[in-house]
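Heads up, protein_37.txt below (compact mmCIF, C-alpha atoms):
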# COMPACT_ATOMS: atom_id res chain seq x y z
CA MET A 20 15.60 -27.71 15.88
CA ASN A 21 17.48 -24.50 16.55
CA ASP A 22 19.96 -25.11 13.74
CA SER A 23 17.24 -25.61 11.20
CA LEU A 24 15.35 -22.61 12.57
CA THR A 25 18.47 -20.49 12.13
CA SER A 26 18.91 -21.58 8.54
CA HIS A 27 15.22 -21.05 7.77
CA LEU A 28 15.42 -17.56 9.22
CA ALA A 29 18.59 -16.82 7.26
CA ALA A 30 16.78 -17.83 4.09
CA LEU A 31 13.97 -15.37 4.85
CA ARG A 32 16.36 -12.51 5.54
CA PRO A 33 16.44 -11.00 2.01
CA GLN A 34 12.65 -10.85 1.87
CA LEU A 35 12.44 -9.35 5.33
CA LEU A 36 14.99 -6.73 4.35
CA ARG A 37 13.07 -5.78 1.23
CA PHE A 38 9.88 -5.45 3.24
CA ALA A 39 11.56 -3.28 5.87
CA ARG A 40 13.48 -1.17 3.37
CA LEU A 41 10.39 -0.41 1.36
CA GLN A 42 8.66 0.89 4.46
CA LEU A 43 11.50 2.60 6.29
CA ARG A 44 13.21 3.96 3.17
CA SER A 45 16.61 3.53 4.74
CA ASP A 46 19.01 0.61 4.42
CA SER A 47 20.42 0.99 7.92
CA ALA A 48 17.02 1.34 9.60
CA ALA A 49 15.84 -1.71 7.65
CA GLU A 50 18.93 -3.70 8.72
CA ASP A 51 18.28 -2.77 12.35
CA ALA A 52 14.61 -3.72 12.24
CA VAL A 53 15.33 -7.07 10.57
CA GLN A 54 18.17 -7.78 12.98
CA GLU A 55 15.88 -7.14 15.94
CA ALA A 56 13.10 -9.23 14.45
CA LEU A 57 15.42 -12.19 13.79
CA LEU A 58 16.85 -11.96 17.27
CA ALA A 59 13.36 -11.86 18.76
CA ALA A 60 12.40 -14.85 16.65
CA LEU A 61 15.39 -16.86 17.85
CA THR A 62 14.96 -16.02 21.51
CA ASN A 63 11.24 -16.70 21.40
CA ALA A 64 11.46 -19.78 19.26
CA SER A 65 9.20 -21.54 21.76
CA GLY A 66 6.55 -18.94 20.92
CA PHE A 67 6.45 -20.35 17.42
CA ALA A 68 4.03 -23.21 17.87
CA GLY A 69 4.10 -24.08 14.20
CA GLU A 70 0.44 -23.34 13.69
CA ALA A 71 1.24 -20.49 11.33
CA SER A 72 3.99 -20.70 8.76
CA LEU A 73 7.42 -19.60 9.95
CA LYS A 74 7.36 -16.83 7.35
CA THR A 75 4.05 -15.44 8.59
CA TRP A 76 5.28 -15.55 12.16
CA VAL A 77 8.57 -13.77 11.48
CA PHE A 78 6.85 -11.17 9.31
CA SER A 79 4.44 -10.42 12.14
CA ILE A 80 7.41 -9.83 14.46
CA LEU A 81 9.00 -7.57 11.86
CA ARG A 82 5.75 -5.64 11.42
CA ASN A 83 5.79 -4.81 15.12
CA LYS A 84 9.40 -3.69 14.90
CA ILE A 85 8.54 -1.42 11.99
CA VAL A 86 5.59 0.07 13.86
CA ASP A 87 7.97 0.74 16.79
CA GLU A 88 10.38 2.49 14.46
CA VAL A 89 7.58 4.58 12.94
CA ARG A 90 6.48 5.60 16.45
CA ARG A 91 10.02 6.58 17.28
CA ARG A 92 10.28 8.70 14.13
CA VAL A 93 7.01 10.47 14.79
CA ARG A 94 8.24 11.48 18.26
CA SER A 95 11.67 12.52 17.16
CA PRO A 96 11.65 16.12 15.90
CA GLU A 97 14.62 15.77 13.56
CA LEU A 98 12.95 12.87 11.77
CA GLN A 99 9.60 14.58 11.26
CA MET A 100 8.19 13.75 7.88
CA SER A 101 8.11 16.61 5.47
CA ASP A 102 4.66 18.08 5.36
CA ASP A 103 3.09 17.04 2.13
CA SER A 104 0.70 19.96 1.94
CA GLU A 105 2.34 21.08 -1.28
CA GLY A 106 1.36 17.73 -2.79
CA SER A 107 -1.05 17.93 -5.67
CA ASP A 108 -4.57 16.67 -5.31
CA PHE A 109 -4.47 15.58 -8.92
CA ASP A 110 -6.92 18.23 -10.03
CA GLU A 111 -5.56 17.82 -13.55
CA LEU A 112 -7.05 14.31 -13.71
CA PHE A 113 -10.52 15.85 -13.85
CA ASP A 114 -12.17 18.52 -15.97
CA ALA A 115 -13.96 21.52 -14.53
CA GLY A 116 -17.12 19.47 -14.02
CA GLY A 117 -15.26 16.80 -12.03
CA HIS A 118 -15.34 14.22 -14.84
CA TRP A 119 -12.27 12.26 -15.88
CA ALA A 120 -10.14 14.40 -18.16
CA GLU A 121 -8.81 11.10 -19.46
CA LEU A 122 -10.61 7.86 -18.61
CA PRO A 123 -8.66 5.40 -16.46
CA SER A 124 -7.28 2.86 -18.91
CA LYS A 125 -8.04 -0.85 -18.93
CA TRP A 126 -5.64 -2.89 -16.85
CA GLY A 127 -6.09 -6.18 -18.66
CA ASP A 128 -5.97 -9.37 -16.64
CA PRO A 129 -4.99 -8.51 -13.04
CA ALA A 130 -4.69 -12.12 -11.90
CA ALA A 131 -2.21 -12.92 -14.65
CA THR A 132 -0.26 -9.77 -13.80
CA LEU A 133 0.24 -10.86 -10.21
CA GLU A 134 1.86 -14.07 -11.46
CA GLN A 135 4.52 -12.21 -13.40
CA LYS A 136 7.80 -11.81 -11.53
CA ARG A 137 8.78 -8.64 -13.32
CA PHE A 138 5.61 -6.92 -12.19
CA TRP A 139 6.80 -6.87 -8.59
CA THR A 140 9.94 -4.91 -9.43
CA VAL A 141 7.80 -2.27 -11.13
CA PHE A 142 5.36 -2.28 -8.22
CA GLU A 143 8.15 -1.62 -5.73
CA VAL A 144 9.60 1.16 -7.88
CA CYS A 145 6.15 2.75 -7.98
CA ILE A 146 5.78 2.50 -4.20
CA ASP A 147 9.20 4.11 -3.80
CA ASN A 148 8.05 6.98 -5.99
CA VAL A 149 5.08 7.88 -3.81
CA PRO A 150 5.91 10.98 -1.72
CA GLU A 151 6.90 10.14 1.84
CA LYS A 152 3.85 11.09 3.85
CA PRO A 153 1.18 9.43 1.70
CA ALA A 154 3.50 6.43 1.28
CA ARG A 155 3.93 6.06 5.03
CA VAL A 156 0.17 6.10 5.65
CA PHE A 157 -0.47 3.77 2.72
CA MET A 158 2.07 1.18 3.86
CA MET A 159 0.83 1.28 7.43
CA ARG A 160 -2.63 0.59 6.07
CA GLU A 161 -1.81 -2.03 3.44
CA PHE A 162 1.40 -3.71 4.62
CA LEU A 163 1.15 -3.39 8.38
CA GLY A 164 -2.61 -3.91 8.25
CA LEU A 165 -3.45 -1.09 10.67
CA GLU A 166 -6.91 0.48 10.79
CA THR A 167 -7.20 4.14 9.83
CA GLU A 168 -7.90 5.15 13.46
CA GLU A 169 -4.65 3.53 14.64
CA ILE A 170 -2.67 5.22 11.89
CA CYS A 171 -4.12 8.63 12.77
CA LYS A 172 -3.24 8.08 16.40
CA GLU A 173 0.33 6.98 15.65
CA LEU A 174 0.99 9.84 13.25
CA THR A 175 -1.15 12.39 15.12
CA ILE A 176 -3.10 13.41 12.05
CA SER A 177 -6.86 13.73 11.58
CA THR A 178 -8.94 10.91 10.14
CA SER A 179 -9.95 12.97 7.13
CA ASN A 180 -6.31 13.84 6.48
CA CYS A 181 -5.55 10.14 6.68
CA TRP A 182 -8.14 9.37 3.99
CA VAL A 183 -6.82 12.13 1.77
CA LEU A 184 -3.26 10.80 2.12
CA LEU A 185 -4.37 7.23 1.37
CA HIS A 186 -6.24 8.41 -1.70
CA ARG A 187 -3.21 10.40 -2.81
CA ALA A 188 -0.92 7.38 -2.44
CA ARG A 189 -3.32 5.16 -4.39
CA THR A 190 -3.60 7.75 -7.14
CA HIS A 191 0.19 7.93 -7.42
CA LEU A 192 0.39 4.15 -7.62
CA ARG A 193 -2.42 3.91 -10.13
CA LEU A 194 -0.81 6.44 -12.46
CA CYS A 195 2.65 4.91 -12.06
CA LEU A 196 1.44 1.38 -12.79
CA THR A 197 -0.62 2.59 -15.74
CA GLU A 198 2.46 4.21 -17.20
CA ARG A 199 5.17 1.72 -16.29
CA TRP A 200 3.37 -1.58 -16.45
CA PHE A 201 -0.07 -1.66 -17.97
CA GLY A 202 0.88 0.74 -20.75
CA GLN A 203 3.53 -1.78 -21.78
CA ASP A 204 1.10 -4.66 -22.38
CA LYS A 205 1.33 -4.45 -26.14
CA LEU A 206 5.11 -4.42 -26.09
CA GLN A 207 5.23 -7.49 -23.86
CA GLY A 208 2.58 -9.29 -25.84
CA ALA A 209 0.95 -10.01 -22.48
CA MET B 6 -25.24 13.26 -8.77
CA LEU B 7 -21.64 12.45 -7.92
CA SER B 8 -18.83 13.67 -10.10
CA CYS B 9 -16.05 11.24 -11.04
CA LYS B 10 -13.75 13.14 -8.72
CA GLN B 11 -16.08 12.62 -5.75
CA ALA B 12 -16.79 9.03 -6.76
CA SER B 13 -13.09 8.17 -6.95
CA LEU B 14 -12.51 9.60 -3.47
CA LEU B 15 -15.40 7.51 -2.12
CA MET B 16 -14.07 4.36 -3.80
CA SER B 17 -10.72 4.88 -2.15
CA GLN B 18 -12.36 5.53 1.23
CA ALA B 19 -14.46 2.40 0.84
CA LEU B 20 -11.19 0.51 1.40
CA ASP B 21 -10.68 2.28 4.73
CA ARG B 22 -14.08 2.85 6.26
CA ARG B 23 -17.66 1.72 5.97
CA LEU B 24 -19.52 4.00 3.57
CA SER B 25 -22.90 5.32 4.66
CA PHE B 26 -26.01 3.91 3.01
CA GLY B 27 -26.49 7.15 1.08
CA GLU B 28 -22.89 7.14 -0.12
CA LYS B 29 -23.19 3.54 -1.30
CA ILE B 30 -26.36 4.27 -3.24
CA SER B 31 -25.01 7.35 -4.98
CA LEU B 32 -21.78 5.52 -5.77
CA ARG B 33 -23.65 2.54 -7.30
CA LEU B 34 -25.81 4.89 -9.37
CA HIS B 35 -22.71 6.64 -10.64
CA LEU B 36 -20.95 3.38 -11.47
CA VAL B 37 -23.87 2.20 -13.60
CA ILE B 38 -23.29 5.05 -16.02
CA CYS B 39 -19.53 5.59 -15.77
CA VAL B 40 -17.05 3.24 -17.40
CA GLY B 41 -14.04 5.25 -16.17
CA CYS B 42 -15.07 4.88 -12.54
CA ARG B 43 -15.81 1.18 -12.99
CA ARG B 44 -12.23 0.74 -14.15
CA PHE B 45 -11.02 2.88 -11.26
CA GLU B 46 -12.90 0.64 -8.81
CA ARG B 47 -11.26 -2.49 -10.24
CA GLN B 48 -7.87 -0.78 -10.10
CA MET B 49 -8.33 0.01 -6.40
CA ALA B 50 -9.21 -3.62 -5.72
CA PHE B 51 -6.14 -4.66 -7.69
CA LEU B 52 -3.88 -2.41 -5.61
CA ARG B 53 -5.17 -3.97 -2.43
CA SER B 54 -4.59 -7.54 -3.61
CA ALA B 55 -1.19 -6.63 -5.00
CA CYS B 56 -0.16 -5.30 -1.59
CA ARG B 57 -1.39 -8.48 0.02
CA ASP B 58 0.56 -10.63 -2.44
CA LEU B 59 3.72 -8.56 -2.54
CA PHE B 60 5.61 -10.62 -0.02
CA GLU B 61 4.03 -13.94 -0.88
CA LYS B 62 4.48 -14.04 -4.63
CA SER B 63 7.35 -11.73 -5.40
The structure given in the file should be rewritten as structure tokens.
Amino acid sequence: MNDSLTSHLAALRPQLLRFARLQLRSDSAAEDAVQEALLAALTNASGFAGEASLKTWVFSILRNKIVDEVRRRVRSPELQMSDDSEGSDFDELFDAGGHWAELPSKWGDPAATLEQKRFWTVFEVCIDNVPEKPARVFMMREFLGLETEEICKELTISTSNCWVLLHRARTHLRLCLTERWFGQDKLQGA
Amino acid sequence: MLSCKQASLLMSQALDRRLSFGEKISLRLHLVICVGCRRFERQMAFLRSACRDLFEKS
């Protein structure tokens, strides 16, 4: 059992690394988190009752490791995230009356998009391009599945600031995907 | 009447908190007349499902 568990875990390693790297934005921190998660998985193999898939189980361990790392960063002064107060609130997206300066474009068939392998590369590039602070909050919300209250507590920011940062991250992603993926529909013939 | 700017902020927040009854009503009224915000709402839903699928499908 242990041999096959080890090989299954080894097969998951690249995916785990991508997940961790995207969130921690550092290869070495990602390596560390994945290493710890795999070790925890191996030593607690009895905790894996097989009711969930192995992948889901290991990812949940990794999520906890990432949350630990985020906590550590928040407490460590030299790793403080740059304050994003200079970040734009995308005022240029709206006219003086608050209406869209340019209407959001059509995104075609979202379900079909999610089936396309190449989309995920673009999606990750777009996530990487979101400024650090909004990206951190966004990934804690969407990838680690934390509630806004928990995120505020971990990062010691106000709830309203949290909402603003989430909105900012989503706006970045929306504009990036519009430009880099959905704007290309005609070229791809998709 | 909500502006598109206010409506888009509410649509993002709807993914993170429960909107008040009043907010929901004014948002629905705005969406009836605004094609741009209807697209924005679908795009927000897409972002959420993409995040959910990122490590399953990619």
Check: which chain A residues lie within 10 Å of chain B using all atoms listed in the file, as a PyMOL selection string: chain A and resi 34-35+37-38+74-75+78+109-110+112-114+116-126+129-130+132-140+142-143+158+160-162+164-168+179+181-183+185-187+189-190+192-193+196-197
Residue nearest Asp128 of chain A - candidates A:Val149, A:Ala64, A:Phe201, A:Arg155, atoms counted: only C-alpha atoms: A:Phe201
Atomic separation - atom CA of Ser79 of chain A relative to atom CA of Leu36 of chain A, Å: 13.6 Å
Coordinates-based distance that separates atom CA of Asp22 of chain A from atom CA of Gln42 of chain A (Å, one decimal): 29.8 Å
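When atom CA of Ala60 of chain A is paired with atom CA of Arg40 of chain A, their separation reads 19.1 Å.
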Residue with smallest distance to Arg82 of chain A - pool A:Glu151, A:Thr25, A:Val144, A:Leu163, counting only C-alpha atoms: A:Leu163
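For the choices A:Cys145, A:Arg199, A:Arg90, A:Ala48, the atom-to-atom distance to Glu169 of chain A is smallest for A:Arg90 when using only C-alpha atoms.
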